[in-house]
Amino acid sequence: SCQGCTVMGPMPSLMAKLNGQHRSLLLFQSCEITIIQSLVHVISSLRRSDRRFANVIIERDPVEV
């Protein structure tokens, strides 16, 4: 049974620097979709309300187990 969420990173992105900006990757992993949905909701809210998070990009891994 799965509990909570595993966070891996930050680690350099595959393209660690693009257009003069450094890029990092955080990976969130959980077997509970509701946990990931909550994280996406919080991060999306931060992007709208706090300009420090304006450049955060959320990507969903297309590979589902």
# chains A, B, ... in the order shown; residues from 1 in each chain; ligands from 1
>>> residues_around(residues="Ile58 of chain A", least_positions_apart="4", cutoff="9 Å", atoms="only C-alpha atoms", output="NGL selection string")
:A and (40 or 43-44)
>>> write_last_selection(atoms="C-alpha atoms", output="PDB file, in the first residue's frame")
ATOM      1  CA  VAL A  40      -0.749  20.329  -9.168  1.00  0.00           C
ATOM      2  CA  ILE A  43       1.557  24.716  -7.645  1.00  0.00           C
ATOM      3  CA  SER A  44      -0.886  26.175 -10.186  1.00  0.00           C
TER       4      SER A  44
END
>>> residues_around(residues="Gly4 of chain A", least_positions_apart="3", cutoff="9 Å", atoms="only C-alpha atoms", output="VMD selection string")
chain A and resid 29 to 32 35
>>> write_last_selection(atoms="C-alpha atoms", output="PDB file, in the first residue's frame")
ATOM      1  CA  GLN A  29       5.649  10.244  -7.361  1.00  0.00           C
ATOM      2  CA  SER A  30       2.627   8.693  -5.676  1.00  0.00           C
ATOM      3  CA  CYS A  31       0.301   5.789  -6.336  1.00  0.00           C
ATOM      4  CA  GLU A  32      -2.580   8.003  -5.139  1.00  0.00           C
ATOM      5  CA  ILE A  35      -2.152  13.458  -3.924  1.00  0.00           C
TER       6      ILE A  35
END
>>> select_by_dssp(residues="chain A", states="strand (DSSP E or B)", output="PDB file with all heavy atoms, in the first residue's frame")
ATOM      1  N   THR A   6       6.519  10.700  -2.815  1.00  0.00           N
ATOM      2  CA  THR A   6       7.976  10.714  -2.853  1.00  0.00           C
ATOM      3  C   THR A   6       8.414  11.888  -3.711  1.00  0.00           C
ATOM      4  O   THR A   6       7.875  12.092  -4.801  1.00  0.00           O
ATOM      5  CB  THR A   6       8.514   9.402  -3.466  1.00  0.00           C
ATOM      6  OG1 THR A   6       8.028   8.312  -2.687  1.00  0.00           O
ATOM      7  CG2 THR A   6      10.025   9.389  -3.495  1.00  0.00           C
ATOM      8  N   VAL A   7       9.382  12.670  -3.214  1.00  0.00           N
ATOM      9  CA  VAL A   7       9.917  13.804  -3.965  1.00  0.00           C
ATOM     10  C   VAL A   7      11.370  13.502  -4.285  1.00  0.00           C
ATOM     11  O   VAL A   7      12.151  13.184  -3.395  1.00  0.00           O
ATOM     12  CB  VAL A   7       9.817  15.121  -3.165  1.00  0.00           C
ATOM     13  CG1 VAL A   7      10.367  16.282  -3.963  1.00  0.00           C
ATOM     14  CG2 VAL A   7       8.383  15.383  -2.729  1.00  0.00           C
ATOM     15  N   MET A   8      11.707  13.576  -5.564  1.00  0.00           N
ATOM     16  CA  MET A   8      13.084  13.364  -5.997  1.00  0.00           C
ATOM     17  C   MET A   8      13.603  14.653  -6.624  1.00  0.00           C
ATOM     18  O   MET A   8      12.951  15.234  -7.481  1.00  0.00           O
ATOM     19  CB  MET A   8      13.144  12.213  -6.986  1.00  0.00           C
ATOM     20  CG  MET A   8      12.836  10.872  -6.337  1.00  0.00           C
ATOM     21  SD  MET A   8      12.633   9.555  -7.542  1.00  0.00           S
ATOM     22  CE  MET A   8      10.852   9.516  -7.633  1.00  0.00           C
ATOM     23  N   GLY A   9      14.749  15.098  -6.186  1.00  0.00           N
ATOM     24  CA  GLY A   9      15.334  16.318  -6.726  1.00  0.00           C
ATOM     25  C   GLY A   9      15.429  17.380  -5.655  1.00  0.00           C
ATOM     26  O   GLY A   9      15.201  17.093  -4.481  1.00  0.00           O
ATOM     27  N   PRO A  10      15.819  18.579  -6.032  1.00  0.00           N
ATOM     28  CA  PRO A  10      15.982  19.018  -7.412  1.00  0.00           C
ATOM     29  C   PRO A  10      17.226  18.414  -8.056  1.00  0.00           C
ATOM     30  O   PRO A  10      18.202  18.110  -7.397  1.00  0.00           O
ATOM     31  CB  PRO A  10      16.114  20.532  -7.300  1.00  0.00           C
ATOM     32  CG  PRO A  10      16.622  20.769  -5.920  1.00  0.00           C
ATOM     33  CD  PRO A  10      16.094  19.643  -5.072  1.00  0.00           C
ATOM     34  N   MET A  11      17.113  18.239  -9.371  1.00  0.00           N
ATOM     35  CA  MET A  11      18.220  17.732 -10.171  1.00  0.00           C
ATOM     36  C   MET A  11      18.245  18.528 -11.476  1.00  0.00           C
ATOM     37  O   MET A  11      17.223  19.096 -11.859  1.00  0.00           O
ATOM     38  CB  MET A  11      18.055  16.239 -10.420  1.00  0.00           C
ATOM     39  CG  MET A  11      16.784  15.861 -11.149  1.00  0.00           C
ATOM     40  SD  MET A  11      16.469  14.097 -11.146  1.00  0.00           S
ATOM     41  CE  MET A  11      15.169  13.977  -9.927  1.00  0.00           C
ATOM     42  N   PRO A  12      19.388  18.582 -12.146  1.00  0.00           N
ATOM     43  CA  PRO A  12      19.441  19.326 -13.404  1.00  0.00           C
ATOM     44  C   PRO A  12      18.486  18.727 -14.437  1.00  0.00           C
ATOM     45  O   PRO A  12      18.354  17.507 -14.535  1.00  0.00           O
ATOM     46  CB  PRO A  12      20.890  19.172 -13.864  1.00  0.00           C
ATOM     47  CG  PRO A  12      21.643  18.771 -12.650  1.00  0.00           C
ATOM     48  CD  PRO A  12      20.685  18.035 -11.770  1.00  0.00           C
ATOM     49  N   SER A  13      17.835  19.578 -15.188  1.00  0.00           N
ATOM     50  CA  SER A  13      16.991  19.146 -16.292  1.00  0.00           C
ATOM     51  C   SER A  13      17.868  18.570 -17.384  1.00  0.00           C
ATOM     52  O   SER A  13      19.085  18.773 -17.405  1.00  0.00           O
ATOM     53  CB  SER A  13      16.211  20.357 -16.817  1.00  0.00           C
ATOM     54  OG  SER A  13      15.450  20.007 -17.937  1.00  0.00           O
ATOM     55  N   LEU A  14      17.289  17.826 -18.340  1.00  0.00           N
ATOM     56  CA  LEU A  14      18.072  17.309 -19.455  1.00  0.00           C
ATOM     57  C   LEU A  14      18.754  18.446 -20.213  1.00  0.00           C
ATOM     58  O   LEU A  14      19.863  18.308 -20.689  1.00  0.00           O
ATOM     59  CB  LEU A  14      17.187  16.503 -20.405  1.00  0.00           C
ATOM     60  CG  LEU A  14      16.708  15.158 -19.870  1.00  0.00           C
ATOM     61  CD1 LEU A  14      15.762  14.508 -20.861  1.00  0.00           C
ATOM     62  CD2 LEU A  14      17.876  14.247 -19.582  1.00  0.00           C
ATOM     63  N   MET A  15      18.061  19.562 -20.342  1.00  0.00           N
ATOM     64  CA  MET A  15      18.657  20.777 -20.899  1.00  0.00           C
ATOM     65  C   MET A  15      18.842  21.728 -19.717  1.00  0.00           C
ATOM     66  O   MET A  15      17.977  22.556 -19.437  1.00  0.00           O
ATOM     67  CB  MET A  15      17.766  21.381 -21.979  1.00  0.00           C
ATOM     68  CG  MET A  15      17.670  20.464 -23.173  1.00  0.00           C
ATOM     69  SD  MET A  15      16.811  21.063 -24.646  1.00  0.00           S
ATOM     70  CE  MET A  15      15.932  22.472 -24.183  1.00  0.00           C
ATOM     71  N   ALA A  16      19.964  21.574 -19.007  1.00  0.00           N
ATOM     72  CA  ALA A  16      20.173  22.273 -17.740  1.00  0.00           C
ATOM     73  C   ALA A  16      20.223  23.788 -17.886  1.00  0.00           C
ATOM     74  O   ALA A  16      19.955  24.506 -16.923  1.00  0.00           O
ATOM     75  CB  ALA A  16      21.445  21.780 -17.069  1.00  0.00           C
ATOM     76  N   LYS A  17      20.520  24.281 -19.077  1.00  0.00           N
ATOM     77  CA  LYS A  17      20.513  25.720 -19.298  1.00  0.00           C
ATOM     78  C   LYS A  17      19.913  25.975 -20.676  1.00  0.00           C
ATOM     79  O   LYS A  17      20.338  25.399 -21.668  1.00  0.00           O
ATOM     80  CB  LYS A  17      21.924  26.302 -19.206  1.00  0.00           C
ATOM     81  CG  LYS A  17      21.951  27.797 -19.129  1.00  0.00           C
ATOM     82  CD  LYS A  17      23.341  28.296 -18.792  1.00  0.00           C
ATOM     83  CE  LYS A  17      23.319  29.807 -18.628  1.00  0.00           C
ATOM     84  NZ  LYS A  17      24.675  30.332 -18.361  1.00  0.00           N
ATOM     85  N   LEU A  18      18.906  26.829 -20.728  1.00  0.00           N
ATOM     86  CA  LEU A  18      18.223  27.146 -21.971  1.00  0.00           C
ATOM     87  C   LEU A  18      17.946  28.635 -21.993  1.00  0.00           C
ATOM     88  O   LEU A  18      17.386  29.180 -21.032  1.00  0.00           O
ATOM     89  CB  LEU A  18      16.919  26.347 -22.085  1.00  0.00           C
ATOM     90  CG  LEU A  18      16.108  26.528 -23.350  1.00  0.00           C
ATOM     91  CD1 LEU A  18      16.883  25.981 -24.563  1.00  0.00           C
ATOM     92  CD2 LEU A  18      14.773  25.810 -23.233  1.00  0.00           C
ATOM     93  N   GLN A  21      18.886  30.624 -18.961  1.00  0.00           N
ATOM     94  CA  GLN A  21      18.238  30.323 -17.688  1.00  0.00           C
ATOM     95  C   GLN A  21      18.556  28.889 -17.269  1.00  0.00           C
ATOM     96  O   GLN A  21      18.484  27.958 -18.071  1.00  0.00           O
ATOM     97  CB  GLN A  21      16.724  30.497 -17.778  1.00  0.00           C
ATOM     98  CG  GLN A  21      16.299  31.927 -17.973  1.00  0.00           C
ATOM     99  CD  GLN A  21      14.792  32.072 -17.878  1.00  0.00           C
ATOM    100  OE1 GLN A  21      14.040  31.136 -18.122  1.00  0.00           O
ATOM    101  NE2 GLN A  21      14.350  33.261 -17.520  1.00  0.00           N
ATOM    102  N   HIS A  22      18.911  28.733 -15.995  1.00  0.00           N
ATOM    103  CA  HIS A  22      19.171  27.403 -15.440  1.00  0.00           C
ATOM    104  C   HIS A  22      17.839  26.712 -15.181  1.00  0.00           C
ATOM    105  O   HIS A  22      16.887  27.330 -14.725  1.00  0.00           O
ATOM    106  CB  HIS A  22      19.974  27.523 -14.148  1.00  0.00           C
ATOM    107  CG  HIS A  22      21.342  28.075 -14.374  1.00  0.00           C
ATOM    108  ND1 HIS A  22      22.395  27.281 -14.770  1.00  0.00           N
ATOM    109  CD2 HIS A  22      21.827  29.328 -14.299  1.00  0.00           C
ATOM    110  CE1 HIS A  22      23.464  28.020 -14.920  1.00  0.00           C
ATOM    111  NE2 HIS A  22      23.158  29.274 -14.628  1.00  0.00           N
ATOM    112  N   ARG A  23      17.804  25.429 -15.482  1.00  0.00           N
ATOM    113  CA  ARG A  23      16.570  24.659 -15.328  1.00  0.00           C
ATOM    114  C   ARG A  23      16.828  23.472 -14.411  1.00  0.00           C
ATOM    115  O   ARG A  23      17.859  22.812 -14.501  1.00  0.00           O
ATOM    116  CB  ARG A  23      16.089  24.172 -16.695  1.00  0.00           C
ATOM    117  CG  ARG A  23      15.740  25.310 -17.615  1.00  0.00           C
ATOM    118  CD  ARG A  23      15.740  24.927 -19.090  1.00  0.00           C
ATOM    119  NE  ARG A  23      15.236  23.617 -19.396  1.00  0.00           N
ATOM    120  CZ  ARG A  23      14.066  23.376 -19.985  1.00  0.00           C
ATOM    121  NH1 ARG A  23      13.290  24.361 -20.336  1.00  0.00           N
ATOM    122  NH2 ARG A  23      13.695  22.158 -20.238  1.00  0.00           N
ATOM    123  N   SER A  24      15.876  23.210 -13.520  1.00  0.00           N
ATOM    124  CA  SER A  24      15.961  22.076 -12.595  1.00  0.00           C
ATOM    125  C   SER A  24      14.679  21.274 -12.682  1.00  0.00           C
ATOM    126  O   SER A  24      13.659  21.736 -13.171  1.00  0.00           O
ATOM    127  CB  SER A  24      16.163  22.566 -11.160  1.00  0.00           C
ATOM    128  OG  SER A  24      17.392  23.207 -11.037  1.00  0.00           O
ATOM    129  N   LEU A  25      14.748  20.079 -12.169  1.00  0.00           N
ATOM    130  CA  LEU A  25      13.625  19.155 -12.225  1.00  0.00           C
ATOM    131  C   LEU A  25      13.319  18.639 -10.827  1.00  0.00           C
ATOM    132  O   LEU A  25      14.230  18.263 -10.082  1.00  0.00           O
ATOM    133  CB  LEU A  25      14.010  17.988 -13.145  1.00  0.00           C
ATOM    134  CG  LEU A  25      13.058  16.826 -13.274  1.00  0.00           C
ATOM    135  CD1 LEU A  25      11.831  17.270 -14.068  1.00  0.00           C
ATOM    136  CD2 LEU A  25      13.742  15.678 -13.994  1.00  0.00           C
ATOM    137  N   LEU A  26      12.047  18.656 -10.481  1.00  0.00           N
ATOM    138  CA  LEU A  26      11.551  17.988  -9.271  1.00  0.00           C
ATOM    139  C   LEU A  26      10.580  16.916  -9.746  1.00  0.00           C
ATOM    140  O   LEU A  26       9.718  17.180 -10.584  1.00  0.00           O
ATOM    141  CB  LEU A  26      10.784  18.953  -8.367  1.00  0.00           C
ATOM    142  CG  LEU A  26      11.571  19.857  -7.459  1.00  0.00           C
ATOM    143  CD1 LEU A  26      10.632  20.829  -6.759  1.00  0.00           C
ATOM    144  CD2 LEU A  26      12.339  19.063  -6.436  1.00  0.00           C
ATOM    145  N   LEU A  27      10.704  15.730  -9.205  1.00  0.00           N
ATOM    146  CA  LEU A  27       9.809  14.639  -9.576  1.00  0.00           C
ATOM    147  C   LEU A  27       8.992  14.243  -8.351  1.00  0.00           C
ATOM    148  O   LEU A  27       9.543  13.937  -7.298  1.00  0.00           O
ATOM    149  CB  LEU A  27      10.615  13.442 -10.078  1.00  0.00           C
ATOM    150  CG  LEU A  27       9.838  12.179 -10.421  1.00  0.00           C
ATOM    151  CD1 LEU A  27       8.888  12.456 -11.583  1.00  0.00           C
ATOM    152  CD2 LEU A  27      10.784  11.049 -10.767  1.00  0.00           C
ATOM    153  N   PHE A  28       7.673  14.288  -8.516  1.00  0.00           N
ATOM    154  CA  PHE A  28       6.753  13.863  -7.462  1.00  0.00           C
ATOM    155  C   PHE A  28       6.147  12.545  -7.903  1.00  0.00           C
ATOM    156  O   PHE A  28       5.659  12.426  -9.021  1.00  0.00           O
ATOM    157  CB  PHE A  28       5.634  14.891  -7.257  1.00  0.00           C
ATOM    158  CG  PHE A  28       6.126  16.240  -6.831  1.00  0.00           C
ATOM    159  CD1 PHE A  28       6.347  17.240  -7.754  1.00  0.00           C
ATOM    160  CD2 PHE A  28       6.364  16.501  -5.486  1.00  0.00           C
ATOM    161  CE1 PHE A  28       6.804  18.486  -7.361  1.00  0.00           C
ATOM    162  CE2 PHE A  28       6.825  17.745  -5.089  1.00  0.00           C
ATOM    163  CZ  PHE A  28       7.043  18.737  -6.026  1.00  0.00           C
ATOM    164  N   GLN A  29       6.165  11.561  -7.014  1.00  0.00           N
ATOM    165  CA  GLN A  29       5.649  10.244  -7.361  1.00  0.00           C
ATOM    166  C   GLN A  29       4.740   9.745  -6.243  1.00  0.00           C
ATOM    167  O   GLN A  29       5.080   9.818  -5.064  1.00  0.00           O
ATOM    168  CB  GLN A  29       6.811   9.284  -7.571  1.00  0.00           C
ATOM    169  CG  GLN A  29       6.412   7.925  -8.035  1.00  0.00           C
ATOM    170  CD  GLN A  29       7.631   7.049  -8.288  1.00  0.00           C
ATOM    171  OE1 GLN A  29       8.700   7.267  -7.731  1.00  0.00           O
ATOM    172  NE2 GLN A  29       7.468   6.046  -9.129  1.00  0.00           N
TER     173      GLN A  29
END
>>> atom_distance(atom1="atom CA of Arg51 of chain A", atom2="atom CA of Gln37 of chain A")
21.7 Å
>>> residues_around(residues="Leu46 of chain A", least_positions_apart="5", cutoff="12 Å", atoms="only C-alpha atoms", output="PyMOL selection string")
chain A and resi 39-41+51-58
>>> select_by_dssp(residues="segment 1-62 of chain A", states="alpha helix (DSSP H)", output="list in words")
Ile33, Thr34, Ile35, Ile36, Gln37, Ser38, Leu39, Val40, His41, Val42, Ile43, Ser44, Ser45, Leu46, Arg47, Arg48 and Ser49 of chain A
>>> write_last_selection(atoms="N, CA, C and O atoms", output="short mmCIF file (atom, residue, chain, number, x, y, z; two decimals), in the first residue's frame")
data_model
loop_
_atom_site.label_atom_id
_atom_site.label_comp_id
_atom_site.auth_asym_id
_atom_site.auth_seq_id
_atom_site.Cartn_x
_atom_site.Cartn_y
_atom_site.Cartn_z
N ILE A 33 -3.57 9.15 -7.04
CA ILE A 33 -3.74 10.25 -7.99
C ILE A 33 -4.23 11.52 -7.29
O ILE A 33 -3.87 12.63 -7.69
N THR A 34 -4.99 11.39 -6.21
CA THR A 34 -5.51 12.57 -5.52
C THR A 34 -4.38 13.40 -4.91
O THR A 34 -4.47 14.62 -4.83
N ILE A 35 -3.30 12.73 -4.48
CA ILE A 35 -2.15 13.46 -3.92
C ILE A 35 -1.49 14.29 -5.02
O ILE A 35 -1.19 15.47 -4.83
N ILE A 36 -1.29 13.71 -6.17
CA ILE A 36 -0.68 14.43 -7.28
C ILE A 36 -1.59 15.55 -7.75
O ILE A 36 -1.13 16.67 -8.03
N GLN A 37 -2.89 15.31 -7.83
CA GLN A 37 -3.84 16.36 -8.22
C GLN A 37 -3.79 17.52 -7.24
O GLN A 37 -3.84 18.69 -7.66
N SER A 38 -3.66 17.24 -5.96
CA SER A 38 -3.56 18.31 -4.95
C SER A 38 -2.28 19.11 -5.14
O SER A 38 -2.28 20.34 -5.06
N LEU A 39 -1.17 18.45 -5.40
CA LEU A 39 0.09 19.14 -5.66
C LEU A 39 -0.01 20.04 -6.88
O LEU A 39 0.44 21.18 -6.86
N VAL A 40 -0.59 19.53 -7.94
CA VAL A 40 -0.75 20.33 -9.17
C VAL A 40 -1.61 21.55 -8.88
O VAL A 40 -1.31 22.66 -9.33
N HIS A 41 -2.66 21.38 -8.10
CA HIS A 41 -3.54 22.50 -7.75
C HIS A 41 -2.78 23.57 -6.96
O HIS A 41 -2.87 24.77 -7.27
N VAL A 42 -2.02 23.16 -5.97
CA VAL A 42 -1.26 24.11 -5.15
C VAL A 42 -0.21 24.84 -5.99
O VAL A 42 -0.08 26.06 -5.92
N ILE A 43 0.52 24.10 -6.81
CA ILE A 43 1.56 24.72 -7.65
C ILE A 43 0.93 25.67 -8.66
O ILE A 43 1.44 26.77 -8.90
N SER A 44 -0.19 25.30 -9.24
CA SER A 44 -0.89 26.17 -10.19
C SER A 44 -1.34 27.46 -9.51
O SER A 44 -1.24 28.55 -10.08
N SER A 45 -1.84 27.35 -8.29
CA SER A 45 -2.25 28.54 -7.53
C SER A 45 -1.07 29.45 -7.24
O SER A 45 -1.17 30.68 -7.35
N LEU A 46 0.07 28.86 -6.88
CA LEU A 46 1.28 29.65 -6.64
C LEU A 46 1.73 30.38 -7.90
O LEU A 46 2.15 31.53 -7.84
N ARG A 47 1.64 29.72 -9.05
CA ARG A 47 2.04 30.35 -10.31
C ARG A 47 1.20 31.59 -10.58
O ARG A 47 1.70 32.57 -11.12
N ARG A 48 -0.08 31.55 -10.23
CA ARG A 48 -0.96 32.70 -10.47
C ARG A 48 -0.77 33.81 -9.45
O ARG A 48 -0.95 34.98 -9.77
N SER A 49 -0.42 33.47 -8.22
CA SER A 49 -0.43 34.47 -7.14
C SER A 49 0.95 34.99 -6.73
O SER A 49 1.04 36.02 -6.07
#
